[in-house]
Amino acid sequence: MTRKRRRLWIVLACGLGLGSATALALTAFRDNLVFFMAPSDLAKKEPPAGRTFRLGGLVEKGSLHRVTSGGHPTATFRVTDGGASVEVTYAGILPDLFREGQGMVALGALQSDGTFRASEVLAKHDETYMPKDVADALKKSGHWNPENGPPPPAATWNTLTPKAQAGG
């Protein structure tokens, strides 16, 4: 075997090793990614069973129910983005700023009965803050166009109807 051919085999073996290592690393990262979904996204396409993701939107007015079972606080509520809504159950203490009509993001998984079981719930921290993913979902659904001013008040989001996009 000539030097040129031996060098070619070494380069090919290194490329194969590097490609295999990259594929293994990307596969490992894929299992640890957490995606954001809005209720409208869930209505279109459900994630695989048991897949952890973030659900964001507004807490529907009149949907929050708190109970204590076995000495542990449990809450059930509905989350909406104006187009669809999802029933959420959470066992634990909700954040102080959590209330109906306000934005929230929950981490958890969709159950076989269609409810979302949250392991963590985050509430917005002041009247002007909106999670980026919630803002993107409102823009995507046609409820808010940043060029036309600030978003509508949070208390009205579960009653919004999509508007036609201008220039579209």
# chains A, B, ... in the order shown; residues from 1 in each chain; ligands from 1
>>> select_by_dssp(residues="range 24-163 of chain A", states="strand (DSSP E or B)", output="count of residues only")
48
>>> residues_around(residues="range 73-82 of chain A", least_positions_apart="6", cutoff="9 Å", atoms="only C-alpha atoms", output="ChimeraX atom specification")
/A:38-40,55-67,88-94,100,103-104,134,137-138,141,143,156-162
>>> atom_distance(atom1="CA of Arg6 in chain A", atom2="CA of Ala25 in chain A")
28.8 Å
>>> select_by_dssp(residues="chain A", states="alpha helix (DSSP H)", output="NGL selection string")
:A and (3-32 or 39-44 or 132-141)
>>> write_last_selection(atoms="C-alpha atoms", output="PDB file, in the first residue's frame")
ATOM      1  CA  ARG A   3       1.578   6.382   1.404  1.00  0.00           C
ATOM      2  CA  LYS A   4      -1.184   8.182  -0.455  1.00  0.00           C
ATOM      3  CA  ARG A   5      -3.615   5.270  -0.105  1.00  0.00           C
ATOM      4  CA  ARG A   6      -2.721   4.763   3.590  1.00  0.00           C
ATOM      5  CA  ARG A   7      -3.326   8.473   4.283  1.00  0.00           C
ATOM      6  CA  LEU A   8      -6.713   8.230   2.520  1.00  0.00           C
ATOM      7  CA  TRP A   9      -7.739   5.276   4.738  1.00  0.00           C
ATOM      8  CA  ILE A  10      -6.707   7.177   7.884  1.00  0.00           C
ATOM      9  CA  VAL A  11      -8.717  10.257   6.833  1.00  0.00           C
ATOM     10  CA  LEU A  12     -11.766   8.079   6.032  1.00  0.00           C
ATOM     11  CA  ALA A  13     -11.518   6.273   9.400  1.00  0.00           C
ATOM     12  CA  CYS A  14     -11.243   9.601  11.256  1.00  0.00           C
ATOM     13  CA  GLY A  15     -14.246  10.982   9.348  1.00  0.00           C
ATOM     14  CA  LEU A  16     -16.295   7.876  10.176  1.00  0.00           C
ATOM     15  CA  GLY A  17     -15.350   8.140  13.873  1.00  0.00           C
ATOM     16  CA  LEU A  18     -16.168  11.851  14.017  1.00  0.00           C
ATOM     17  CA  GLY A  19     -19.504  11.294  12.252  1.00  0.00           C
ATOM     18  CA  SER A  20     -20.448   8.483  14.650  1.00  0.00           C
ATOM     19  CA  ALA A  21     -19.550  10.593  17.699  1.00  0.00           C
ATOM     20  CA  THR A  22     -21.619  13.512  16.367  1.00  0.00           C
ATOM     21  CA  ALA A  23     -24.626  11.254  15.721  1.00  0.00           C
ATOM     22  CA  LEU A  24     -24.444   9.805  19.241  1.00  0.00           C
ATOM     23  CA  ALA A  25     -24.180  13.268  20.832  1.00  0.00           C
ATOM     24  CA  LEU A  26     -27.139  14.634  18.856  1.00  0.00           C
ATOM     25  CA  THR A  27     -29.249  11.594  19.770  1.00  0.00           C
ATOM     26  CA  ALA A  28     -28.477  12.133  23.466  1.00  0.00           C
ATOM     27  CA  PHE A  29     -29.374  15.844  23.240  1.00  0.00           C
ATOM     28  CA  ARG A  30     -32.662  15.116  21.463  1.00  0.00           C
ATOM     29  CA  ASP A  31     -33.902  13.108  24.451  1.00  0.00           C
ATOM     30  CA  ASN A  32     -33.195  16.042  26.789  1.00  0.00           C
ATOM     31  CA  PRO A  39     -52.919  24.818  23.327  1.00  0.00           C
ATOM     32  CA  SER A  40     -53.622  25.437  19.613  1.00  0.00           C
ATOM     33  CA  ASP A  41     -50.484  23.466  18.732  1.00  0.00           C
ATOM     34  CA  LEU A  42     -51.708  20.562  20.879  1.00  0.00           C
ATOM     35  CA  ALA A  43     -55.075  20.605  19.115  1.00  0.00           C
ATOM     36  CA  LYS A  44     -53.308  20.253  15.745  1.00  0.00           C
ATOM     37  CA  LYS A 132     -41.386  34.948  24.701  1.00  0.00           C
ATOM     38  CA  ASP A 133     -43.036  31.667  23.754  1.00  0.00           C
ATOM     39  CA  VAL A 134     -46.486  32.989  24.729  1.00  0.00           C
ATOM     40  CA  ALA A 135     -45.892  36.171  22.702  1.00  0.00           C
ATOM     41  CA  ASP A 136     -44.831  34.053  19.713  1.00  0.00           C
ATOM     42  CA  ALA A 137     -47.961  31.895  20.053  1.00  0.00           C
ATOM     43  CA  LEU A 138     -50.203  34.993  20.146  1.00  0.00           C
ATOM     44  CA  LYS A 139     -48.493  36.399  17.058  1.00  0.00           C
ATOM     45  CA  LYS A 140     -48.743  33.057  15.240  1.00  0.00           C
ATOM     46  CA  SER A 141     -52.445  32.665  16.042  1.00  0.00           C
TER      47      SER A 141
END
